[in-house]
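Report on the following structure.
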Amino acid sequence: MFFRALVFGFVLAICASADEGMWLFDHFPKDQIAKTYHFSVTEDFLRHLERASVRFNNGGSGSFVSPHGLLFTNHHVGQDCIQKLSSAEHDYMANGFSSADNAGEKACPDLEVDALLSITDVTAKVNDGISAEATGADANRMRKAAIAKIEKECTTSSGNRCDVVTLYSGGEYSLYQYKKYTDVRLVFAPEFSIAQFGGDPDNFTYPRFCLDFSLFRAYENGKPVEPSDYLRWSHEGVKDNELTFVTGNPGSTGRLQTVAQMEFSRDISYPLVLRMLKDDIDDLLAFGAQSAENKRVAEDDLDSYQNSYKAILGFEEGLKDPKLMSRKQDEERKLRAAIDDDPAKKKKYGKLWDDVAAAYKEYAAFYKPNFLFDALPNQVELLALARNLVRFPEETKKPNEQRLREYQDAGLPSLEQQMYSAAPISLPLQERKLAMLFRMQQRELGSDPTIKAILAGRTPEEAAHHYISTTKIQDVAERKRLAHDLDAVKKSKDGMIQLALLLDGPARKYRKEYEDKLESVITSSAAKIAQARFAVYGENEYPDATFTPRVSFGPVKGYTGQDGKPVPYTTTFAGLYKHATGVEPFKLPKTWIDAKSSLDLDTPFDFVTTTDTHGGNSGSPTVNTKGELIGILFDGNIEGLQNRYIYTEEQARSVHVASNAIVEALRKVYHADRIVTELGF
């Protein structure tokens with residue numbers, strides 16, 4: 001499709017760098033690789049990587065690494081399951097986990113892993129019947145209805161997970177079919193303190209010393225899956241300057257956004273989200289300081305919030321950088337000038353940027369309530385469950401194409417897996433998080449009638465205690481009782497159900513306003529802007545990230561730090577022990593202290609590449625030109641955060657755990673011979 005070719009043409013003409021690109025597998029720049037690196041990328045090479053790679057549906061990536069369904073991802077991707085399997089008596093986050101045999105592998109309560117089967121262009125089907133006279137809101141609703149129909153037909157006929165994905169800002173729609181695995185079991189996880197050694201202070205920095213990996217196994221019908229493709233581990237490991245490939249599911253990027261979109265993030269959305277995260281982090285730290293159990297149950301949330309805060313702060317700093325914004329403004333001016341020079345193009349495309357800017361100006365007026373009533377409540381797990389229980393029986397009675405997207409037939413199996421998860425829920429933590437939500441809503445929205453109704457004259461803390469202390473939906477049986485009975489939901493005296501009902505009206509109102517006033521304009525105008533770029537700059541490719549399979553490339557390569565000193569491509573075990581202080585977050589587990597004398601301290605630990613990656617790539621396998629696994633991506637450095645908007649490779653780096661380190665640790669620290677053998681050693 002020409003839409004695939006058009007978008008990157010603009011980027012390439014303006015600002016391309018050698019290793020830029022989160023590429024679609026079927027439009028990979030083979031000629032560029034051959035010219036720059038003298039390596040021929042074959043279709044077989046790409047298809048093998050694609051089939052061996054998976055998506056962890058909780059927000060990360062991974063891969064099959066054995067013929068017996070062994071899955072490889074980051075510890076921080078797997079820690080949601082690890083935390084849910086843990087208890088005060090068996091704290092697998094703190095102490096790690098290793099299964100001696102298949103029987104000892106522990107089933108994750110609600111983890112889904114997806115393996116891509118096929119991609120089909122459905123652009124014509126999505127846009128079929130939408131006339132040029134249709135309003136933006138009507139056209140948007142018609143597209144959503146078409147997408148719901150396509151996904152339902154696919155799911156019904158195939159039994160697979162079927163997602164229609166928007167590419168090139170609505171210029172193209174593709175149907176992704178995935179083989180879905182929901183029986184996923186934990187096989188191995190190191191201790192949190194070594195998996196995320198250095199904690200928040202070291203996050204988004206380099207040099208690093210993290211053993212950020214975990215192993216799971218996919219089962220089907222009670223037996224380990226036998227994947228058609230899996231990645232074999234390199235026996236040599238990482239080498240300086242070697243070409244690498246990273247396959248994974250980057251979540252979202254903003255490289256094709258207009259200046260108005262970036263200014264909205266800089267001035268409106270990022271400041272609000274950062275205020276929220278800062279308060280939440282402080283509150284969770286205080287909660288965790290009260291007891292060891294509080295610290296344990298809050299660890300996953302705290303880690304996530306700290307990571308998000310640092311990342312968004314980096315994005316915001318990028319948008320406050322005059323050089324970056326000047327560069328983006330100049331790109332936009334040049335494109336608009338080229339459009340204005342051609343009367344036909346000016347008539348067709350000239351007002352698109354103004355339409356986007358006007359839509360964001362209107363959105364700014366209701367962004368806060370939309371975020372605080374519709375999006376943010378889902379961060380409180382018990383409230384998210386209550387919202388689903390309120391909406392599920394109502395939405396599923398509607399025709400499929402008229403439902404909210406998350407309640408359409410294609411996604412119901414995944415939704416029900418989450419709704420009926422038996423994962424433990426800490427009520428003290430939920431109460432704390434709910435009070436945090438109420439304080440944020442009260443501070444930002446003041447005398448809003450919904451906030452007044454929720455609080456009913458109580459403090460945020462008192463209101464949170466009321467709703468949590470009067471709920472029973474932590475019980476899976478109670479959830480199942482309510483989920484299909486709308487009358488029972490509406491009559492329920494359950495505290496969390498009543499709270500979800502109070503929020504439901506405003507949340508739906510602002511969601512519809514968002515879809516009609518902003519989403520519809522962006523879907524229409526951004527797709528046409530993509531056409532305008534193609535008309536001016538010609539062909540080439542790659543769309544912004546969409547949490548769908550991509551492949552990136554680049555060499556293992558050190559860089560010069562901001563202090564002017566060289567930063568080597570890899571760290572070593574010796575550096576880990578030098579970096580350890582004995583005080584969290586630089587405290588080593590006892591297993592590592594005891595094993596020091598047996599380890600080869602020159603073993604590469606973490607390393608950096610120029611591969612173009614982003615959030616969602618966590619857990620992505622890193623392979624060499626032989627297709628052998630040499631590492632796993634887990635982070636980027638602070639200099640790379642601006643890559644959300646513009647790719648650079650002078651100092652920006654992706655950070656990986658070396659396969660050498662993992663094998664050495666499995667052998668000599670954890671004595672996990674069963675796993676080492678399964679990996680081919």
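Ligands are numbered from 1 in the order shown, residues from 1 within each chain, and chains are lettered A, B, ... in the order they appear in the structure tokens.
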
Residues flagged alpha helix (DSSP H) by DSSP in stretch 313-391 of chain A, as JSON, numbers by chain: {"A": [313, 314, 315, 316, 317, 318, 319, 322, 323, 324, 325, 326, 327, 328, 329, 330, 331, 332, 333, 334, 335, 336, 337, 338, 339, 340, 343, 344, 345, 346, 347, 348, 349, 352, 353, 354, 355, 356, 357, 358, 359, 360, 361, 362, 363, 364, 367, 368, 369, 370, 381, 382, 383, 384, 385, 386, 387, 388, 389, 390, 391]}

Can I get the selected residues back with C-alpha atoms, as a PDB file, in the first residue's frame?
```pdb
ATOM      1  CA  LEU A 313       9.846  13.894  32.505  1.00  0.00           C
ATOM      2  CA  GLY A 314      12.340  13.059  29.750  1.00  0.00           C
ATOM      3  CA  PHE A 315       9.665  13.443  27.077  1.00  0.00           C
ATOM      4  CA  GLU A 316       8.664  16.812  28.532  1.00  0.00           C
ATOM      5  CA  GLU A 317      12.264  18.003  28.650  1.00  0.00           C
ATOM      6  CA  GLY A 318      12.600  17.055  24.995  1.00  0.00           C
ATOM      7  CA  LEU A 319       9.598  19.201  24.103  1.00  0.00           C
ATOM      8  CA  PRO A 322      14.348  24.824  21.830  1.00  0.00           C
ATOM      9  CA  LYS A 323      16.502  22.909  19.341  1.00  0.00           C
ATOM     10  CA  LEU A 324      14.105  19.973  19.112  1.00  0.00           C
ATOM     11  CA  MET A 325      11.014  22.154  18.811  1.00  0.00           C
ATOM     12  CA  SER A 326      12.699  24.467  16.325  1.00  0.00           C
ATOM     13  CA  ARG A 327      13.593  21.456  14.216  1.00  0.00           C
ATOM     14  CA  LYS A 328      10.019  20.125  14.280  1.00  0.00           C
ATOM     15  CA  GLN A 329       8.585  23.587  13.552  1.00  0.00           C
ATOM     16  CA  ASP A 330      10.972  23.981  10.619  1.00  0.00           C
ATOM     17  CA  GLU A 331       9.947  20.586   9.221  1.00  0.00           C
ATOM     18  CA  GLU A 332       6.292  21.554   9.425  1.00  0.00           C
ATOM     19  CA  ARG A 333       6.882  24.978   7.847  1.00  0.00           C
ATOM     20  CA  LYS A 334       8.757  23.450   4.925  1.00  0.00           C
ATOM     21  CA  LEU A 335       6.028  20.914   4.246  1.00  0.00           C
ATOM     22  CA  ARG A 336       3.255  23.510   4.482  1.00  0.00           C
ATOM     23  CA  ALA A 337       5.174  25.880   2.213  1.00  0.00           C
ATOM     24  CA  ALA A 338       5.530  23.142  -0.381  1.00  0.00           C
ATOM     25  CA  ILE A 339       1.788  22.484  -0.148  1.00  0.00           C
ATOM     26  CA  ASP A 340       0.961  26.195  -0.479  1.00  0.00           C
ATOM     27  CA  PRO A 343      -2.884  25.421  -5.702  1.00  0.00           C
ATOM     28  CA  ALA A 344      -4.356  21.914  -6.017  1.00  0.00           C
ATOM     29  CA  LYS A 345      -2.434  20.635  -3.005  1.00  0.00           C
ATOM     30  CA  LYS A 346      -3.242  23.774  -1.035  1.00  0.00           C
ATOM     31  CA  LYS A 347      -6.963  23.311  -1.653  1.00  0.00           C
ATOM     32  CA  LYS A 348      -6.816  19.649  -0.572  1.00  0.00           C
ATOM     33  CA  TYR A 349      -4.350  19.809   2.310  1.00  0.00           C
ATOM     34  CA  LEU A 352      -5.291  20.275   7.921  1.00  0.00           C
ATOM     35  CA  TRP A 353      -2.744  21.565  10.448  1.00  0.00           C
ATOM     36  CA  ASP A 354      -5.133  24.325  11.494  1.00  0.00           C
ATOM     37  CA  ASP A 355      -7.894  21.734  11.977  1.00  0.00           C
ATOM     38  CA  VAL A 356      -5.643  19.682  14.264  1.00  0.00           C
ATOM     39  CA  ALA A 357      -4.611  22.759  16.233  1.00  0.00           C
ATOM     40  CA  ALA A 358      -8.245  23.834  16.669  1.00  0.00           C
ATOM     41  CA  ALA A 359      -9.235  20.350  17.870  1.00  0.00           C
ATOM     42  CA  TYR A 360      -6.485  20.323  20.500  1.00  0.00           C
ATOM     43  CA  LYS A 361      -7.450  23.797  21.649  1.00  0.00           C
ATOM     44  CA  GLU A 362     -10.999  22.534  22.207  1.00  0.00           C
ATOM     45  CA  TYR A 363      -9.703  19.368  23.907  1.00  0.00           C
ATOM     46  CA  ALA A 364      -7.678  21.447  26.368  1.00  0.00           C
ATOM     47  CA  TYR A 367      -8.821  17.250  29.095  1.00  0.00           C
ATOM     48  CA  LYS A 368      -8.679  17.219  32.901  1.00  0.00           C
ATOM     49  CA  PRO A 369     -12.112  15.732  33.582  1.00  0.00           C
ATOM     50  CA  ASN A 370     -11.676  13.300  30.695  1.00  0.00           C
ATOM     51  CA  GLU A 381      -7.411  -2.244  40.328  1.00  0.00           C
ATOM     52  CA  LEU A 382     -10.537  -2.689  42.441  1.00  0.00           C
ATOM     53  CA  LEU A 383     -12.200   0.328  40.824  1.00  0.00           C
ATOM     54  CA  ALA A 384     -11.294  -0.974  37.369  1.00  0.00           C
ATOM     55  CA  LEU A 385     -12.995  -4.264  38.285  1.00  0.00           C
ATOM     56  CA  ALA A 386     -16.059  -2.395  39.568  1.00  0.00           C
ATOM     57  CA  ARG A 387     -16.231  -0.356  36.357  1.00  0.00           C
ATOM     58  CA  ASN A 388     -16.167  -3.551  34.291  1.00  0.00           C
ATOM     59  CA  LEU A 389     -18.912  -5.075  36.421  1.00  0.00           C
ATOM     60  CA  VAL A 390     -21.055  -1.972  35.914  1.00  0.00           C
ATOM     61  CA  ARG A 391     -20.461  -1.758  32.181  1.00  0.00           C
TER      62      ARG A 391
END
```

Nearby residues (only C-alpha atoms) at most 7 Å from stretch 616-625 of chain A, same-chain spacing under 5 positions excluded, as a ChimeraX atom specification: /A:59-63,73-74,77,243-251,547,630-635

Minimum-distance residue to A:Ala658, chosen among A:Thr258, A:Ser234, A:Gln430, A:Thr560 (using only C-alpha atoms): A:Ser234

Spatial neighbours of A:Arg511, max dist 7 Å, only C-alpha atoms, sep filter under 3 positions, as an MDAnalysis selection string: chainID A and resid 370 374 507:508 514:515

Please produce a file of the residues just selected, as a short mmCIF file (atom, residue, chain, number, x, y, z; two decimals), in the first residue's frame, where the atoms kept are N, CA and C atoms.
```cif
data_model
loop_
_atom_site.label_atom_id
_atom_site.label_comp_id
_atom_site.auth_asym_id
_atom_site.auth_seq_id
_atom_site.Cartn_x
_atom_site.Cartn_y
_atom_site.Cartn_z
N ASN A 370 -11.76 14.51 31.50
CA ASN A 370 -11.68 13.30 30.70
C ASN A 370 -10.63 12.35 31.27
N ASP A 374 -12.27 9.27 33.29
CA ASP A 374 -12.32 8.12 32.38
C ASP A 374 -11.05 7.27 32.44
N ALA A 507 -17.74 9.76 33.02
CA ALA A 507 -16.69 9.13 32.23
C ALA A 507 -17.16 8.89 30.80
N ARG A 508 -18.38 8.39 30.64
CA ARG A 508 -18.92 8.16 29.30
C ARG A 508 -19.09 9.49 28.55
N TYR A 514 -14.43 13.31 23.73
CA TYR A 514 -13.08 13.10 23.19
C TYR A 514 -13.15 12.46 21.80
N GLU A 515 -13.96 11.42 21.67
CA GLU A 515 -14.04 10.71 20.40
C GLU A 515 -14.62 11.59 19.29
#
```

Spatial neighbours of A:Ile82, 7 Å, only C-alpha atoms, chain gap at least 3 places, as a ChimeraX atom specification: /A:78-79,85-86,92-93

For the selection you just gave me, I'd like the residues written to a file as a PDB file, in the first residue's frame, keeping C-alpha atoms.
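Full text of out.pdb as output:
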```pdb
ATOM      1  CA  GLY A  78       6.971 -10.553  34.257  1.00  0.00           C
ATOM      2  CA  GLN A  79       6.794  -8.982  37.702  1.00  0.00           C
ATOM      3  CA  LEU A  85       2.051 -15.343  42.835  1.00  0.00           C
ATOM      4  CA  SER A  86       3.875 -14.016  45.888  1.00  0.00           C
ATOM      5  CA  TYR A  92       9.171 -14.438  44.901  1.00  0.00           C
ATOM      6  CA  MET A  93       9.852 -10.789  44.163  1.00  0.00           C
TER       7      MET A  93
END
```

For stretch 588-598 of chain A: contacts at 7 Å, only C-alpha atoms, fewer than 6 positions along chain excluded, given as a PyMOL selection string: chain A and resi 193-194+580+582+668-669

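The gap separating atom CA of A:Ser304 from atom CA of A:Ile281 is 9.5 Å, in Å to one decimal.
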
DSSP-assigned strand (DSSP E) among stretch 103-212 of chain A, expressed as a ChimeraX atom specification: /A:106-107,113-121,161-167,172-181,183-189

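Interatomic distance, atom CA of A:Ala115 to atom CA of A:Tyr173: 19.4 Å.
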
Point-to-point distance in Å for atom CA of A:Asp563 and atom CA of A:Arg653: 16.2 Å

A:Glu112 environment, 12 Å, only C-alpha atoms, sequence neighbours closer than 2 positions dropped, as a PyMOL selection string: chain A and resi 54-62+77-78+80-81+107-110+114-115+161+178-185+216-219+413-418+421

Spatial neighbours of A:Asp409, 10 Å, only C-alpha atoms, chain gap at least 6 places, as a PyMOL selection string: chain A and resi 148-149+151-153+155-156+396+399-401+403+415

Can you write out the residues you just picked, keeping C-alpha atoms, as a compact mmCIF listing (two decimals), in the first residue's frame?
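Okay, this is what ended up in again-v2.txt:
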```txt
# COMPACT_ATOMS: atom_id res chain seq x y z
CA ALA A 148 -15.84 -4.16 15.49
CA LYS A 149 -17.45 -6.20 12.70
CA GLU A 151 -12.68 -8.25 14.52
CA LYS A 152 -15.78 -10.24 15.46
CA GLU A 153 -15.90 -12.08 12.13
CA THR A 155 -12.45 -14.11 16.04
CA THR A 156 -15.59 -16.19 15.37
CA THR A 396 -22.95 -6.74 26.09
CA PRO A 399 -25.29 -4.72 19.20
CA ASN A 400 -21.58 -5.47 18.99
CA GLU A 401 -20.67 -2.47 16.82
CA ARG A 403 -20.47 -1.05 22.30
CA LEU A 415 -11.56 -9.08 29.36
```

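For the residues A:Asp212, A:Asp301, A:Asp202, A:Asp163, ranking by smallest atom-to-atom distance to A:Asp606 using only C-alpha atoms places A:Asp212 first.
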
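Comparing A:Lys626, A:Val521, A:Gln651, A:Glu584 by their smallest distance to A:His235, the closest is A:Lys626 (using only C-alpha atoms).
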
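Proximity ranking of A:Asp448, A:Pro393, A:Ala94, A:Asp138 relative to A:Leu482 places A:Pro393 first, based on only C-alpha atoms.
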